[in-house]
Structures are given as C-alpha cells and as structure tokens.
>>> print(open('run_39.txt').read())   # compact mmCIF, C-alpha atoms
# COMPACT_ATOMS: atom_id res chain seq x y z
CA MET U 16 -134.20 57.56 -32.64
CA ILE U 17 -131.53 59.23 -34.73
CA MET U 18 -130.60 61.33 -31.72
CA LEU U 19 -130.42 58.21 -29.55
CA ARG U 20 -128.13 56.33 -31.95
CA GLY U 21 -125.85 59.37 -32.14
CA SER U 22 -125.68 59.50 -28.36
CA VAL U 23 -124.90 55.83 -28.03
CA ARG U 24 -122.17 56.06 -30.65
CA ALA U 25 -120.66 59.12 -29.00
CA GLY U 26 -120.81 57.42 -25.64
CA ALA U 27 -119.11 54.32 -27.03
CA VAL U 28 -116.29 56.38 -28.53
CA LEU U 29 -115.83 58.29 -25.27
CA ALA U 30 -115.78 55.07 -23.25
CA ALA U 31 -113.22 53.54 -25.60
CA ALA U 32 -111.04 56.59 -25.35
CA MET U 33 -111.22 56.51 -21.57
CA LEU U 34 -110.41 52.82 -21.60
CA LEU U 35 -107.37 53.38 -23.79
CA THR U 36 -106.24 56.26 -21.62
CA ALA U 37 -106.64 54.21 -18.48
CA CYS U 38 -104.69 51.34 -19.97
CA ALA U 39 -101.89 53.57 -21.15
CA GLY U 40 -101.60 55.41 -17.83
CA GLY U 41 -101.77 52.36 -15.65
CA ASP U 42 -99.28 50.03 -17.42
CA ASP U 43 -96.29 49.96 -15.03
CA SER U 44 -94.53 47.37 -17.15
CA ALA U 45 -93.74 49.82 -20.01
CA PRO U 46 -89.98 50.78 -20.05
CA ALA U 47 -89.22 54.43 -19.16
CA ALA U 48 -87.12 56.50 -21.59
CA LYS U 49 -83.46 56.68 -20.46
CA ALA U 50 -81.75 60.10 -20.13
CA THR U 51 -78.73 60.61 -22.39
CA PRO U 52 -75.62 61.13 -20.17
CA ALA U 53 -73.87 64.46 -20.67
CA LYS U 54 -70.59 64.31 -22.51
CA HIS U 55 -67.44 64.97 -20.47
CA PRO U 56 -65.96 68.31 -21.55
CA VAL U 57 -62.55 66.69 -22.02
CA PHE U 58 -62.60 62.88 -22.04
CA ASP U 59 -65.47 62.44 -24.52
CA GLN U 60 -63.87 64.67 -27.15
CA LYS U 61 -61.40 63.77 -29.87
CA LEU U 62 -58.11 62.58 -28.33
CA GLY U 63 -55.99 65.08 -30.22
CA ARG U 64 -57.95 68.03 -28.72
CA GLN U 65 -58.17 66.83 -25.14
CA LEU U 66 -55.11 68.69 -23.82
CA LEU U 67 -56.34 71.94 -25.31
CA LEU U 68 -59.67 71.35 -23.55
CA ALA U 69 -57.87 70.38 -20.33
CA VAL U 70 -56.12 73.76 -20.34
CA ARG U 71 -59.53 75.41 -20.71
CA GLN U 72 -60.97 73.37 -17.85
CA THR U 73 -58.04 74.37 -15.68
CA LYS U 74 -58.60 78.05 -16.41
CA GLN U 75 -62.33 77.73 -15.76
CA ALA U 76 -61.50 76.69 -12.20
CA GLY U 77 -60.69 80.38 -11.64
CA SER U 78 -57.32 80.00 -9.91
CA ALA U 79 -54.57 77.54 -9.03
CA SER U 80 -51.27 77.31 -7.20
CA PHE U 81 -48.24 76.10 -9.14
CA VAL U 82 -44.65 74.90 -8.91
CA HIS U 83 -42.55 74.88 -12.06
CA HIS U 84 -39.03 73.47 -12.46
CA LEU U 85 -36.61 74.20 -15.31
CA THR U 86 -33.76 71.67 -15.02
CA PHE U 87 -30.45 71.56 -16.88
CA ALA U 88 -28.65 68.36 -15.89
CA SER U 89 -24.94 67.61 -16.28
CA GLY U 90 -22.17 65.55 -14.75
CA LYS U 91 -21.05 68.66 -12.83
CA GLY U 92 -24.43 69.05 -11.17
CA ASP U 93 -27.91 70.24 -12.06
CA ALA U 94 -28.85 73.87 -12.62
CA VAL U 95 -32.48 74.26 -11.54
CA GLN U 96 -34.85 77.20 -11.64
CA THR U 97 -37.87 76.83 -9.37
CA MET U 98 -40.81 79.15 -9.93
CA SER U 99 -43.74 78.88 -7.54
CA GLY U 100 -46.80 80.91 -6.73
CA SER U 101 -50.43 81.27 -7.71
CA MET U 102 -52.53 82.39 -10.65
CA ASP U 103 -55.91 84.06 -10.86
CA PHE U 104 -57.11 83.05 -14.33
CA ALA U 105 -60.33 85.01 -14.08
CA GLY U 106 -58.67 88.21 -12.88
CA GLY U 107 -55.54 87.93 -15.04
CA ARG U 108 -53.21 88.20 -12.03
CA GLY U 109 -50.27 86.10 -10.89
CA GLN U 110 -47.60 85.90 -8.23
CA ALA U 111 -44.31 84.09 -8.78
CA ASP U 112 -41.23 83.52 -6.63
CA THR U 113 -38.18 82.41 -8.58
CA THR U 114 -35.03 80.73 -7.29
CA TRP U 115 -32.00 79.41 -9.16
CA LYS U 116 -29.79 76.67 -7.78
CA VAL U 117 -26.56 76.63 -9.78
CA PRO U 118 -23.67 74.20 -9.08
CA GLY U 119 -20.32 75.81 -8.28
CA LYS U 120 -18.50 73.77 -10.93
CA LEU U 121 -20.72 75.02 -13.74
CA PRO U 122 -18.66 76.77 -16.47
CA GLU U 123 -18.88 80.55 -16.32
CA GLU U 124 -20.29 80.82 -19.84
CA ALA U 125 -23.22 78.54 -19.02
CA ARG U 126 -23.84 80.30 -15.71
CA ASN U 127 -23.98 83.66 -17.45
CA VAL U 128 -26.61 82.41 -19.91
CA LEU U 129 -28.85 81.06 -17.16
CA VAL U 130 -28.61 83.72 -14.45
CA GLY U 131 -26.72 86.58 -16.09
CA MET U 132 -23.83 88.62 -14.70
CA THR U 133 -23.70 91.98 -12.95
CA ALA U 134 -21.44 94.90 -13.77
CA GLY U 135 -19.43 93.79 -10.74
CA ARG U 136 -18.57 90.48 -12.43
CA THR U 137 -20.74 88.53 -10.00
CA SER U 138 -23.62 86.17 -10.82
CA GLY U 139 -26.96 87.73 -11.54
CA ALA U 140 -29.82 87.51 -9.08
CA LEU U 141 -30.62 83.96 -7.98
CA SER U 142 -34.02 84.79 -6.49
CA GLY U 143 -36.79 87.37 -6.66
CA ARG U 144 -40.55 87.90 -6.58
CA TYR U 145 -42.86 89.01 -9.37
CA LEU U 146 -46.43 90.30 -9.19
CA ILE U 147 -48.01 90.21 -12.63
CA ASP U 148 -51.17 91.57 -14.17
CA SER U 149 -52.15 92.55 -17.69
CA ASP U 150 -51.02 96.17 -17.29
CA ARG U 151 -47.78 95.87 -15.31
CA ILE U 152 -45.20 93.75 -13.58
CA HIS U 153 -43.83 94.47 -10.13
CA TYR U 154 -40.44 93.01 -9.26
CA ARG U 155 -38.64 92.82 -5.92
CA ALA U 156 -35.14 91.43 -5.61
CA ALA U 157 -34.51 89.18 -2.62
CA ARG U 158 -31.73 91.55 -1.51
CA THR U 159 -33.78 94.76 -1.54
CA SER U 160 -36.79 96.16 0.30
CA TYR U 161 -38.36 98.05 -2.60
CA TRP U 162 -40.41 97.07 -5.64
CA ILE U 163 -39.84 98.13 -9.25
CA ARG U 164 -42.96 98.77 -11.32
CA TYR U 165 -42.74 98.06 -15.04
CA THR U 166 -45.77 99.13 -17.06
CA ALA U 167 -46.96 97.42 -20.23
CA ALA U 168 -45.35 100.26 -22.20
CA ASP U 169 -42.01 99.59 -20.47
CA THR U 170 -42.01 95.87 -21.21
CA GLN U 171 -43.44 95.96 -24.73
CA GLN U 172 -41.44 98.84 -26.18
CA SER U 173 -37.93 98.00 -24.98
CA GLN U 174 -35.95 94.89 -25.84
CA ASP U 175 -34.20 95.32 -22.49
CA ASN U 176 -37.44 94.12 -20.89
CA ALA U 177 -37.89 90.99 -23.03
CA THR U 178 -37.28 88.73 -20.03
CA LEU U 179 -39.97 90.57 -18.07
CA GLU U 180 -42.46 90.62 -20.94
CA HIS U 181 -42.00 86.83 -21.19
CA LEU U 182 -43.76 86.61 -17.81
CA HIS U 183 -46.96 87.91 -19.42
CA GLY U 184 -48.41 84.55 -20.45
CA THR U 185 -50.92 83.93 -23.21
CA GLU U 186 -52.58 80.91 -21.58
CA ALA U 187 -52.04 81.93 -17.96
CA PRO U 188 -51.31 85.13 -16.01
CA VAL U 189 -47.77 83.88 -15.30
CA GLY U 190 -45.84 83.05 -18.45
CA GLY U 191 -42.96 80.65 -18.90
CA THR U 192 -44.68 77.53 -17.53
CA LEU U 193 -45.76 74.44 -19.44
CA LEU U 194 -49.29 75.82 -19.60
CA GLU U 195 -48.01 77.98 -22.45
CA GLY U 196 -47.25 74.90 -24.55
CA LEU U 197 -49.92 72.37 -23.59
CA SER U 198 -52.76 74.01 -25.49
CA GLY U 199 -50.89 73.28 -28.71
CA ALA U 200 -49.86 69.75 -27.74
CA GLU U 201 -51.52 66.84 -29.53
CA ALA U 202 -52.25 63.79 -27.39
CA THR U 203 -51.36 60.45 -28.97
CA LYS U 204 -52.18 58.12 -26.09
CA ARG U 205 -54.37 58.17 -22.97
CA THR U 206 -54.42 55.75 -20.06
CA ASP U 207 -56.61 55.61 -16.96
CA GLY U 208 -55.15 56.44 -13.58
CA PRO U 209 -56.41 56.28 -9.98
CA ASP U 210 -59.32 58.43 -8.75
CA GLY U 211 -60.63 59.07 -12.23
CA ARG U 212 -57.43 60.62 -13.47
CA ARG U 213 -56.14 60.35 -17.02
CA VAL U 214 -52.50 60.27 -18.14
CA TYR U 215 -51.61 61.52 -21.61
CA ARG U 216 -48.59 61.14 -23.81
CA ALA U 217 -48.38 63.96 -26.32
CA GLU U 218 -46.14 66.06 -28.51
CA MET U 219 -45.73 69.83 -28.32
CA PRO U 220 -44.86 71.79 -31.47
CA MET U 221 -41.41 73.37 -31.58
CA ASN U 222 -42.86 76.88 -31.72
CA ALA U 223 -43.99 76.34 -28.12
CA LEU U 224 -40.45 77.30 -27.11
CA GLU U 225 -41.37 80.96 -27.60
CA GLY U 226 -43.78 80.80 -24.71
CA LEU U 227 -41.70 78.46 -22.57
CA LEU U 228 -38.28 80.14 -22.56
CA PRO U 229 -37.18 83.77 -22.26
CA ASP U 230 -35.37 85.16 -25.27
CA ASP U 231 -31.92 85.19 -23.66
CA ILE U 232 -32.08 81.42 -23.08
CA ARG U 233 -34.12 80.51 -26.16
CA LYS U 234 -31.50 81.94 -28.51
CA HIS U 235 -29.13 79.21 -27.29
CA THR U 236 -31.49 76.45 -28.45
CA ASP U 237 -32.01 74.78 -31.83
CA ARG U 238 -35.64 74.91 -32.98
CA ASP U 239 -34.87 72.73 -36.01
CA ALA U 240 -33.41 69.87 -33.98
CA ALA U 241 -36.69 67.92 -33.82
CA ASP U 242 -40.25 67.91 -35.14
CA GLY U 243 -41.80 68.12 -31.68
CA LEU U 244 -41.19 67.86 -27.95
CA PRO U 245 -42.48 64.88 -25.93
CA VAL U 246 -44.68 65.68 -22.95
CA THR U 247 -46.58 63.66 -20.34
CA VAL U 248 -49.66 65.19 -18.69
CA THR U 249 -51.93 64.07 -15.83
CA VAL U 250 -55.43 65.52 -15.39
CA ASP U 251 -58.02 64.97 -12.64
CA ARG U 252 -61.52 63.48 -13.05
CA GLN U 253 -62.84 66.92 -14.00
CA GLY U 254 -60.27 67.28 -16.76
CA ARG U 255 -58.10 69.86 -14.95
CA ILE U 256 -54.32 69.65 -15.28
CA LEU U 257 -52.48 68.32 -12.23
CA ASP U 258 -48.95 67.90 -13.54
CA ALA U 259 -46.92 67.84 -16.73
CA ARG U 260 -43.37 67.00 -17.75
CA ALA U 261 -41.61 67.86 -21.02
CA ASP U 262 -38.25 66.68 -22.31
CA LEU U 263 -36.48 69.51 -24.16
CA THR U 264 -33.07 67.83 -24.42
CA ALA U 265 -33.25 67.74 -28.22
CA VAL U 266 -33.09 71.54 -28.48
CA LEU U 267 -29.70 71.87 -26.75
CA ARG U 268 -27.40 73.22 -29.45
CA LYS U 269 -24.06 71.51 -30.01
CA GLY U 270 -21.02 73.70 -29.46
CA ASP U 271 -23.09 76.26 -27.55
CA ALA U 272 -22.70 77.58 -24.01
CA LEU U 273 -25.38 75.11 -22.89
CA SER U 274 -24.02 72.09 -24.80
CA GLY U 275 -22.38 70.72 -21.64
CA PHE U 276 -25.78 69.79 -20.27
CA THR U 277 -26.92 66.25 -20.98
CA LYS U 278 -30.63 66.66 -20.22
CA PHE U 279 -33.08 69.56 -20.25
CA THR U 280 -36.56 69.15 -18.75
CA MET U 281 -39.58 71.13 -17.55
CA ASP U 282 -41.94 70.03 -14.80
CA LEU U 283 -45.22 71.67 -13.75
CA THR U 284 -47.46 70.85 -10.78
CA LEU U 285 -50.83 72.53 -10.23
CA GLY U 286 -53.09 72.38 -7.17
CA GLY U 287 -55.64 74.33 -5.18
CA HIS U 288 -57.90 74.71 -8.19
CA GLY U 289 -60.39 77.47 -7.48
CA THR U 290 -58.96 78.40 -4.07
CA SER U 291 -55.50 79.86 -4.74
CA ALA U 292 -55.75 83.46 -5.92
CA PRO U 293 -52.63 85.66 -5.38
CA LYS U 294 -52.67 87.66 -2.14
CA ASP U 295 -49.45 89.71 -2.16
CA SER U 296 -49.32 93.37 -3.17
CA PRO U 297 -46.44 95.85 -3.74
CA ALA U 298 -46.41 97.51 -0.32
CA GLY U 299 -43.75 100.01 0.76
CA THR U 300 -41.37 101.83 -1.56
CA VAL U 301 -42.16 101.38 -5.27
CA ARG U 302 -39.69 102.61 -7.88
CA THR U 303 -40.55 102.81 -11.56
CA GLY U 304 -38.86 101.19 -14.51
CA ALA U 305 -39.30 104.31 -16.63
CA GLU U 306 -37.60 106.68 -14.16
CA ASP U 307 -35.34 104.63 -11.89
CA VAL U 308 -33.97 101.88 -14.15
CA LEU U 309 -31.23 103.22 -16.43
CA PRO U 310 -28.01 102.23 -18.18
CA LEU U 311 -24.94 102.28 -15.94
CA ARG U 312 -23.36 104.78 -18.37
CA ASP U 313 -26.15 107.26 -17.50
CA VAL U 314 -25.66 107.16 -13.73
CA LYS U 315 -24.35 110.57 -12.68
CA LYS U 316 -21.00 111.13 -11.01
CA ASN U 317 -21.15 110.43 -7.25
CA ALA U 318 -24.53 108.70 -7.61
CA CYS U 319 -25.34 105.15 -6.52
CA ALA U 320 -27.25 102.18 -7.89
CA ASP U 321 -28.27 98.55 -7.38
CA PHE U 322 -27.50 95.84 -9.89
CA ASP U 323 -30.71 93.81 -9.81
CA THR U 324 -33.39 95.20 -12.12
CA GLY U 325 -35.16 91.91 -12.86
CA GLN U 326 -34.07 92.27 -16.51
CA ARG U 327 -30.98 89.99 -16.27
CA LEU U 328 -28.87 92.67 -18.01
CA ALA U 329 -25.50 93.81 -16.68
CA ARG U 330 -25.66 97.18 -18.43
CA ASN U 331 -28.79 98.38 -16.58
CA VAL U 332 -29.06 99.33 -12.90
CA VAL U 333 -31.57 100.83 -10.45
CA GLY U 334 -30.78 104.33 -9.25
CA VAL U 335 -30.93 104.49 -5.42
CA PRO U 336 -29.84 107.03 -2.78
CA CYS U 337 -26.23 106.74 -1.62
CA SER U 338 -27.47 107.27 1.94
CA GLY U 339 -28.91 103.74 1.97
CA PRO U 340 -27.65 100.29 0.95
CA HIS U 341 -26.41 100.08 -2.64
CA ASP U 342 -24.29 97.90 -4.90
CA VAL U 343 -22.26 100.46 -6.81
CA ARG U 344 -21.08 104.07 -6.63
CA VAL U 345 -20.03 105.92 -9.79
CA PHE U 346 -17.10 108.28 -9.18
CA ALA U 347 -16.51 109.47 -12.76
CA GLN U 348 -17.93 109.58 -16.29
CA VAL U 349 -15.09 110.23 -18.74
CA PRO U 350 -15.57 110.89 -22.48
CA LEU U 351 -13.34 108.40 -24.31
CA GLY U 352 -13.23 107.15 -27.87
CA PRO U 353 -12.48 103.54 -28.79
CA GLY U 354 -8.96 102.19 -29.12
CA SER U 355 -7.48 100.14 -31.94
CA SER U 356 -8.82 96.91 -30.44
CA ALA U 357 -11.01 95.72 -27.58
CA GLU U 358 -7.91 95.21 -25.43
CA ASP U 359 -6.60 98.67 -26.27
CA THR U 360 -9.98 100.24 -25.48
CA GLN U 361 -10.14 98.50 -22.10
CA GLY U 362 -6.57 99.53 -21.30
CA ARG U 363 -7.34 103.17 -22.05
CA ALA U 364 -10.51 102.94 -19.96
CA ASP U 365 -8.58 101.49 -17.01
CA THR U 366 -6.04 104.30 -17.21
CA ALA U 367 -8.76 106.97 -17.35
CA CYS U 368 -10.48 105.55 -14.27
CA SER U 369 -7.19 105.21 -12.39
CA ILE U 370 -6.54 108.91 -12.86
CA ALA U 371 -10.14 109.76 -11.95
CA ARG U 372 -9.90 107.70 -8.77
CA ASP U 373 -6.73 109.46 -7.68
CA MET U 374 -8.53 112.77 -8.13
CA ALA U 375 -11.74 111.69 -6.35
CA ARG U 376 -12.47 112.75 -2.76
CA ALA U 377 -11.66 109.81 -0.50
CA SER U 378 -14.75 110.55 1.62
CA ARG U 379 -16.97 109.74 -1.35
CA LEU U 380 -15.51 106.28 -1.97
CA PRO U 381 -15.53 103.05 0.05
CA LYS U 382 -12.17 101.99 1.42
CA ARG U 383 -11.40 99.57 -1.39
CA ASP U 384 -8.53 99.38 -3.82
CA ALA U 385 -10.52 97.78 -6.65
CA TYR U 386 -12.45 99.85 -9.15
CA TRP U 387 -14.18 99.11 -12.42
CA ALA U 388 -14.00 100.73 -15.83
CA TRP U 389 -16.99 100.18 -18.15
CA TRP U 390 -16.52 101.56 -21.65
CA THR U 391 -19.52 101.96 -23.94
CA PRO U 392 -19.84 103.48 -27.40
CA GLU U 393 -22.04 106.51 -27.84
CA PRO U 394 -25.66 105.49 -28.63
CA GLN U 395 -26.95 106.22 -32.10
CA GLY U 396 -27.71 109.91 -32.35
CA GLY U 397 -25.53 110.77 -29.36
CA VAL U 398 -22.67 113.27 -29.26
CA GLY U 399 -19.12 111.94 -29.00
CA LYS U 400 -17.46 108.59 -29.64
CA GLY U 401 -18.00 106.91 -26.29
CA ARG U 402 -17.40 107.13 -22.57
CA VAL U 403 -15.98 105.16 -19.71
CA THR U 404 -17.98 104.80 -16.49
CA CYS U 405 -15.73 104.52 -13.43
CA TYR U 406 -17.24 102.92 -10.35
CA VAL U 407 -16.61 100.89 -7.21
CA THR U 408 -18.76 98.10 -5.85
CA THR U 409 -19.85 98.10 -2.22
CA ALA U 410 -20.76 95.48 0.32
CA ARG U 411 -24.50 95.26 0.81
CA GLY U 412 -25.34 97.50 3.74
CA ASP U 413 -22.65 100.08 3.04
CA SER U 414 -23.80 103.65 2.63
>>> encode(input="run_39.txt", output="structure tokens")
Amino acid sequence: MIMLRGSVRAGAVLAAAMLLTACAGGDDSAPAAKATPAKHPVFDQKLGRQLLLAVRQTKQAGSASFVHHLTFASGKGDAVQTMSGSMDFAGGRGQADTTWKVPGKLPEEARNVLVGMTAGRTSGALSGRYLIDSDRIHYRAARTSYWIRYTAADTQQSQDNATLEHLHGTEAPVGGTLLEGLSGAEATKRTDGPDGRRVYRAEMPMNALEGLLPDDIRKHTDRDAADGLPVTVTVDRQGRILDARADLTAVLRKGDALSGFTKFTMDLTLGGHGTSAPKDSPAGTVRTGAEDVLPLRDVKKNACADFDTGQRLARNVVGVPCSGPHDVRVFAQVPLGPGSSAEDTQGRADTACSIARDMARASRLPKRDAYWAWWTPEPQGGVGKGRVTCYVTTARGDS
C-alpha cells in the first residue's frame, strides 16, 4: 500500500509536469522576444564623434577615388588646384594627379606662393603626377618622360622636400585633402538627406591646417585668426564620406601675398568606395632624389638639368643628359664673393657671366643672347665666400 501511494503520487507529479510542459509549448499567443537592433557604427554614436567615425568607416571600405579642389577666389579670377586620383587605405598607397589653373592677371607675388618660380623666371610646374606609399614618393612632371623617386629618408630629412612629405597623409595615403582635418572636426548639427544620407555642419580645429596645406603656403596664413574652420560634410547610409567643403577664408593674412584673395575654400568628393585602388606604377626611366636632384649651384660646367623636381623650389634642379631634352645648360661656375649690397652682388655676377659667356665655346650653347647669373653664398662649412652659376635656358626639345 505504501508503495502504491508513492507510485500514484509520483505519477500525478509527472502528469502535472507534462501538462505544464504541453501548455507552455503549445501556447501560440505568447509574445516572442524581440531582437535588439544593432547600433549604426556612425549615426547611433554621440554627435560630436560622428565625423571621426565616418572617416574610419571610409577607410574600412578599403579604397576610394577622390577629387580635391583648393580654390583661391578674387576679382581677377580664381586660382584653383585640382588633385584627383585614388587611395588604397588598406595598402597605404595612393595616386594623385595635380593641376593648377592660375589667372593671367594674378599678381606675380601671389603666383609665386601658389605654384613657385623656376630659375628661368617662369612659373613653376602647373601639373604633375605622384605615386605615394609609406616608404617613398614617385613624381613625374607633365613635361618629362621620367620619374623621380624620393625615399622616406629623402623627404623626412631635408626641408627641401617638405612639400613632398606633406603628401604622406596621416588619415589617408594621399595627404593634403580634407580627410586630414575631418577626424578632428566636431559636428554640431546633423540633418537627413536622400537615400539615407546625412549632412553635417561641423568645425575643424585650427591645427588641422598642418595636414591640409603644404608648408610653403601655410606660412602665409594666420592660425590665430579664428577659433575653428567651418565645414559641411555628407556621408552615405553606411556612414562613409561622400563630400566635404571647408571655408578657410578667415586664415588669409592681411597685407600678405595672398591677401588679394577674397575667399579660400577646400572641396573633397569621394566615390568608388572599395573598388578604386591605384593602378599606375613608375615604368620607364626612374631617377633618384638622392643622386639626381641637386642645387643649381652644384651642376657642373657644361652639364644640363630640368627645372621641375616636384619640390616647388627654384634653387633645385634634376640633372639630365645634355643629349636629350632639358631646361637649362650651365656654362660656368665662377667663385665670387658678395658685393656691398644685393644690387652690387647681382651686378658683379652679371659681369662675371658675361665674360664667361664670351669665353665659352659657341657649339656648347644654344643660339640665344640671354643668359642667367645665379649668385649663392657658400653653404655653412664650405670653402670660399660664394659663387655665381652662369646658365642659359633652352626650349623644351632642344639638345
């Protein structure tokens, strides 16, 4: 009997448990637990950090094509630098073609700041191509068929290469675009756009200028003129940057070579996210910055050179054979100390080169009456008080 009661009780408990299980498993009216939606990597974060995160999303795409405009506007016309190409964020490589459009009425001083001047008193290069990676930069002038290879040691150890080193970006393989400043920009307003896009209004810190402008242009700006720089940014539904525009007018310094400009802006457009890796490579003749780029004062007598080094410096040239196209031929290097004034020094240099030209073999010089005299002091540690480099410029294609 005791055994029987135990069995009945056990059976009753088992039946109740089965009944409860059946009821729980068969109740279709009970609400199912809802999955928590994943947070958007950009839009669901704090507003002030969203542009920093948008830069990261853009880089995570792997690659992108870009067009970047640097515009100096004035009543005499707009000076515009266009830089276009592609960036491989994952591989740390970039390709950039640069072109300057400069109005003819632009004052010479402003033109020299923007595009430089050659030792032949002509405007610096208006176009060229750069191939950039973490270890080196290859440059090819639009007027030449060869590349110049600058290693990291070349660009980091010499101030002459500051313009080239500027192209090594910190946020992107190609420096000098608005990507260098957007990671530090703080968004203050966001609005919805079509196709899931977002449009931000933000402010970049003034120290962003270091990544945005090369040193030879940045030194003509006033970093204390404002607390920040206004910028507008559009991102796609995935949080990747599509375009950006910054107004840098406030940094134009009064009384400076660039003070004649009334507006200064930067515009960036990105596209082809994930499908636009650089494809070009430095094929053909490759010269080296360490061996072939040198000061004009160091070019040997009767040797030839090209002006465009990619450095935007008149004093440096690329040594090339006189048998091929070249920009300049040196016909004398004359030791010469300074005069009592800059005018006196130049006058003495002109006289020295006039005598040297009369003594030079006519067969070694182009049939031109004009010649140039470039006086330079002796570098620190050098022997002597200075020298004058005497040279003639040639039409492209002469040899």
>>> closest_atom_pairs(input="run_39.txt", of="region 257-289 of chain U", to="region 80-101 of chain U", cutoff="6 Å", atoms="only C-alpha atoms", output="tab-separated table")
residue	atom	partner	partner_atom	distance
U:Phe276	CA	U:Ser89	CA	4.6
U:Thr277	CA	U:Ser89	CA	5.3
U:Lys278	CA	U:Ala88	CA	5.1
U:Phe279	CA	U:Phe87	CA	4.7
U:Thr280	CA	U:Thr86	CA	5.3
U:Met281	CA	U:Leu85	CA	4.8
U:Asp282	CA	U:His84	CA	5.1
U:Leu283	CA	U:His83	CA	4.5
U:Thr284	CA	U:Val82	CA	5.3
U:Leu285	CA	U:Phe81	CA	4.5
U:Gly286	CA	U:Ser80	CA	5.3
U:Gly287	CA	U:Ser80	CA	5.7
>>> closest_residue(input="run_39.txt", among="U:Asp307, U:Asp150, U:Gly334, U:Pro220", to="Asp239 (chain U)", atoms="all atoms listed in the file")
U:Pro220
>>> atom_distance(input="run_39.txt", atom1="CA of Gln348 (chain U)", atom2="CA of Val407 (chain U)")
12.6 Å
>>> atom_distance(input="run_39.txt", atom1="CA of Pro340 (chain U)", atom2="CA of Arg158 (chain U)")
10.0 Å
>>> atom_distance(input="run_39.txt", atom1="CA of Gly254 (chain U)", atom2="CA of Pro56 (chain U)")
7.5 Å
>>> closest_residue(input="run_39.txt", among="U:Tyr145, U:Ala364, U:Pro392, U:Gly135", to="Thr409 (chain U)", atoms="only C-alpha atoms")
U:Gly135
>>> closest_residue(input="run_39.txt", among="U:Gly191, U:Gly208, U:Gly199, U:Gly131", to="Pro229 (chain U)", atoms="all atoms listed in the file")
U:Gly191
>>> closest_residue(input="run_39.txt", among="U:Val345, U:Leu328, U:Cys319, U:Leu273", to="Thr133 (chain U)", atoms="all atoms listed in the file")
U:Leu328
>>> residues_around(input="run_39.txt", residues="Thr137 (chain U)", least_positions_apart="5", cutoff="10 Å", atoms="only C-alpha atoms", output="count of residues only")
5
>>> residues_around(input="run_39.txt", residues="Ala140 (chain U)", least_positions_apart="3", cutoff="8 Å", atoms="only C-alpha atoms", output="NGL selection string")
:U and (130-131 or 143 or 156 or 323 or 325 or 327)
>>> closest_residue(input="run_39.txt", among="U:Gln326, U:Asn331, U:Ser173, U:Asn222", to="Leu244 (chain U)", atoms="all atoms listed in the file")
U:Asn222
>>> closest_residue(input="run_39.txt", among="U:Met219, U:Ala320, U:Ala157, U:Ala292", to="Phe104 (chain U)", atoms="only C-alpha atoms")
U:Ala292
>>> residues_around(input="run_39.txt", residues="Arg363 (chain U)", least_positions_apart="3", cutoff="10 Å", atoms="only C-alpha atoms", output="list in words")
Leu351, Gly352, Pro353, Gly354, Ala357, Glu358, Asp359, Thr360, Thr366, Ala367, Cys368, Ser369, Ala388, Trp390 and Val403 of chain U
>>> residues_around(input="run_39.txt", residues="Leu68 (chain U)", least_positions_apart="4", cutoff="7 Å", atoms="only C-alpha atoms", output="PyMOL selection string")
chain U and resi 57+64+72
>>> axis_aligned_box(input="run_39.txt", around="region 387-393 of chain U", padding_each_side="5 Å", output="JSON")
{"center_x": -18.0, "center_y": 102.8, "center_z": -20.1, "size_x": 18.0, "size_y": 17.4, "size_z": 25.4}
